[in-house]
Amino acid sequence: MSEVRLAQEFQTDINALKAEIGKAVIGQDEAVNGVLNTIFSNGHVLLLGVPGLAKTLLIRTISQVLDLSFNRIQFTPDLMPSDITGAEILDENRKFSFVKGPVFANIVLADEINRTPPKTQAALLEAMQEKEVSVAGKTMKLDLPFFVLATQNPIEQEGTYNLPEAQLDRFMFNIILDYPSAAEEKKIVTLTTGYNTAIINQIINKEKIIAYQDVIRKIPVAENVISYAVDLVGKTRNNKPTAADPVKKFIAYGAGPRASQYLVLGAKTHALMNGKLSPDIEDIQAIAKMVLRHRLVKNYKAEAEGISTDSIIEQLL
């Protein structure tokens, strides 16, 4: 099948995916678009939102429409790395055999990842980066496609272990879930308190997902679009002459090269999701906040004055 034909099919499938997800997940269009973008870009996403905003429902529904295996890991202070990756146990024949952990799934929901110590966080982050797991001197490949959606509760900070900036950088997008509108909440209440439940149908399979990921990699990008992405990231670095004024004033550390890579890759997917065969600057701007907001470290002045990272990114755009 030609790449142009696959690109055309991609938009048709994306529209069908959104319609099917909309049966169970009311509203949250930005989150749905962001998560789908990340999956087809072969990245991972960090989701911030208060409890009850359908984070688990969203990712479970997406796993159903994509026909992918799904596991949820509830992160707690006593969670061990082996609880994620699996461990070798002595079987009835007195031989060691490996029992796979919940990370061996196509989609892994890491719920409240900041509630577990760094050693356990690192076990998941290694799997995210390498797409493999090392246990007892053996390396096992994870089934592809592999996608991690990690959530953080922005309200409760007691007993949490914040992800270091170097680990945050491994997430392609940081998506903030907001409260639904009154009309959306009314629809949610009606849907979830009645007898009838939505039947979710499979739209595409994992082979098609991998094919789409490959097509997105091959999409051509104009030189000026790449330059815009690199310049935008350069403006976030306050130790560079290209740093923007708000950055010099409010940012301690800016984004690294991975941000430029994800801006271009995410723009490719965003363009294809919207029927374009090549991304433009508007596609970069559409995903800039999701790519940059967890990569900019505010200084004390920004914290004291209540300056949000998003407002700084808006000024850069």
# chains A, B, ... in the order shown; residues from 1 in each chain; ligands from 1
$ residues_around --residues "stretch 209-213 of chain A" --least-positions-apart "4" --cutoff "9 Å" --atoms "only C-alpha atoms" --output "list in words"
Leu6, Ala7, Phe10, Ile39, Phe40, Ser41, Asn42, Leu66, Leu144, Pro145, Ile204, Asn205, Arg217, Lys218 and Thr269 of chain A
$ closest_atom_pairs --of "stretch 146-244 of chain A" --to "stretch 109-128 of chain A" --cutoff "8 Å" --atoms "only C-alpha atoms" --output "CSV"
residue,atom,partner,partner_atom,distance
A:Phe146,CA,A:Met128,CA,7.9
A:Phe147,CA,A:Met128,CA,7.6
A:Val148,CA,A:Leu109,CA,6.0
A:Leu149,CA,A:Leu109,CA,5.0
A:Ala150,CA,A:Ala110,CA,4.4
A:Thr151,CA,A:Glu112,CA,5.0
A:Gln152,CA,A:Glu112,CA,4.6
A:Asn153,CA,A:Glu112,CA,6.3
A:Gly159,CA,A:Arg115,CA,6.7
A:Thr160,CA,A:Arg115,CA,4.6
A:Tyr161,CA,A:Asn114,CA,4.9
A:Asn162,CA,A:Asn114,CA,5.4
A:Leu163,CA,A:Asn114,CA,6.4
A:Gln167,CA,A:Leu125,CA,7.2
A:Arg170,CA,A:Leu125,CA,7.7
$ closest_residue --among "A:Gln64, A:Asn174, A:Ser181, A:Thr139" --to "A:Val45" --atoms "only C-alpha atoms"
A:Asn174
$ residues_around --residues "stretch 257-268 of chain A" --least-positions-apart "5" --cutoff "10 Å" --atoms "only C-alpha atoms" --output "MDAnalysis selection string"
chainID A and resid 34 37:38 40:43 169:173 215:221 225:234 273 276:292 295
$ closest_residue --among "A:Phe98, A:Tyr195, A:Tyr179, A:Phe104" --to "A:Leu48" --atoms "only C-alpha atoms"
A:Tyr179
$ closest_residue --among "A:Asp13, A:Val297, A:Asp310, A:Ala222" --to "A:Arg237" --atoms "only C-alpha atoms"
A:Val297
$ atom_distance --atom1 "atom CA of A:Ile200" --atom2 "atom CA of A:Asp29"
17.5 Å
$ closest_residue --among "A:Ile107, A:Leu177, A:Met80, A:Ile21" --to "A:Lys55" --atoms "only C-alpha atoms"
A:Leu177
$ select_by_dssp --residues "stretch 22-170 of chain A" --states "strand (DSSP E)" --output "ChimeraX atom specification"
/A:45-48,70-74,86-90,96-100,107-111,132-135,138-141,147-152
$ write_last_selection --atoms "C-alpha atoms" --output "mmCIF file, in the first residue's frame"
data_model
loop_
_atom_site.group_PDB
_atom_site.id
_atom_site.type_symbol
_atom_site.label_atom_id
_atom_site.label_comp_id
_atom_site.auth_asym_id
_atom_site.auth_seq_id
_atom_site.Cartn_x
_atom_site.Cartn_y
_atom_site.Cartn_z
ATOM 1 C CA VAL A 45 2.265 11.170 27.771
ATOM 2 C CA LEU A 46 1.992 12.666 31.260
ATOM 3 C CA LEU A 47 -1.564 13.578 32.250
ATOM 4 C CA LEU A 48 -2.362 16.070 35.005
ATOM 5 C CA PHE A 70 -4.027 -2.679 28.621
ATOM 6 C CA ASN A 71 -2.673 -2.795 32.171
ATOM 7 C CA ARG A 72 -3.071 -0.314 34.989
ATOM 8 C CA ILE A 73 -0.446 0.092 37.704
ATOM 9 C CA GLN A 74 -1.485 1.946 40.860
ATOM 10 C CA GLY A 86 8.047 -8.947 36.868
ATOM 11 C CA ALA A 87 10.352 -11.370 38.656
ATOM 12 C CA GLU A 88 11.828 -14.834 38.530
ATOM 13 C CA ILE A 89 10.130 -17.365 40.786
ATOM 14 C CA LEU A 90 10.924 -20.963 41.696
ATOM 15 C CA PHE A 96 13.384 -20.459 37.944
ATOM 16 C CA SER A 97 10.805 -19.073 35.549
ATOM 17 C CA PHE A 98 10.032 -15.460 34.748
ATOM 18 C CA VAL A 99 6.582 -14.114 35.571
ATOM 19 C CA LYS A 100 5.865 -11.019 33.508
ATOM 20 C CA ILE A 107 -0.779 0.426 26.842
ATOM 21 C CA VAL A 108 0.269 0.930 30.457
ATOM 22 C CA LEU A 109 -1.523 3.385 32.726
ATOM 23 C CA ALA A 110 0.879 4.488 35.461
ATOM 24 C CA ASP A 111 -1.600 5.966 37.918
ATOM 25 C CA GLU A 132 12.699 -3.519 26.878
ATOM 26 C CA VAL A 133 13.057 -4.850 30.424
ATOM 27 C CA SER A 134 16.180 -6.243 32.111
ATOM 28 C CA VAL A 135 15.629 -8.797 34.898
ATOM 29 C CA LYS A 138 18.164 -11.166 30.863
ATOM 30 C CA THR A 139 16.747 -8.579 28.476
ATOM 31 C CA MET A 140 13.205 -8.996 27.187
ATOM 32 C CA LYS A 141 11.665 -6.904 24.443
ATOM 33 C CA PHE A 147 2.716 3.403 25.156
ATOM 34 C CA VAL A 148 2.796 4.729 28.736
ATOM 35 C CA LEU A 149 0.262 7.188 30.074
ATOM 36 C CA ALA A 150 1.332 8.418 33.505
ATOM 37 C CA THR A 151 -0.962 10.494 35.700
ATOM 38 C CA GLN A 152 -0.259 12.910 38.526
#
$ closest_residue --among "A:Ser308, A:Gln202, A:Asn299, A:Thr236" --to "A:Ala16" --atoms "only C-alpha atoms"
A:Gln202
$ select_by_dssp --residues "stretch 84-122 of chain A" --states "alpha helix (DSSP H)" --output "mmCIF file with N, CA and C atoms, in the first residue's frame"
data_model
loop_
_atom_site.group_PDB
_atom_site.id
_atom_site.type_symbol
_atom_site.label_atom_id
_atom_site.label_comp_id
_atom_site.auth_asym_id
_atom_site.auth_seq_id
_atom_site.Cartn_x
_atom_site.Cartn_y
_atom_site.Cartn_z
ATOM 1 N N ILE A 84 6.533 -4.004 38.791
ATOM 2 C CA ILE A 84 6.266 -3.426 37.480
ATOM 3 C C ILE A 84 6.802 -4.338 36.371
ATOM 4 N N THR A 85 8.061 -4.744 36.510
ATOM 5 C CA THR A 85 8.715 -5.486 35.432
ATOM 6 C C THR A 85 8.438 -6.979 35.483
ATOM 7 N N PRO A 118 11.815 7.096 43.659
ATOM 8 C CA PRO A 118 12.528 7.201 42.376
ATOM 9 C C PRO A 118 13.022 5.868 41.812
ATOM 10 N N LYS A 119 13.426 4.932 42.673
ATOM 11 C CA LYS A 119 13.930 3.641 42.195
ATOM 12 C C LYS A 119 12.850 2.895 41.401
ATOM 13 N N THR A 120 11.618 2.964 41.884
ATOM 14 C CA THR A 120 10.516 2.284 41.197
ATOM 15 C C THR A 120 10.098 3.064 39.954
ATOM 16 N N GLN A 121 10.102 4.398 40.046
ATOM 17 C CA GLN A 121 9.810 5.219 38.868
ATOM 18 C C GLN A 121 10.788 4.883 37.742
ATOM 19 N N ALA A 122 12.058 4.708 38.105
ATOM 20 C CA ALA A 122 13.105 4.467 37.109
ATOM 21 C C ALA A 122 12.882 3.154 36.356
#
$ closest_residue --among "A:Ala19, A:Glu314, A:Asn106, A:Ala24" --to "A:Thr197" --atoms "only C-alpha atoms"
A:Ala24
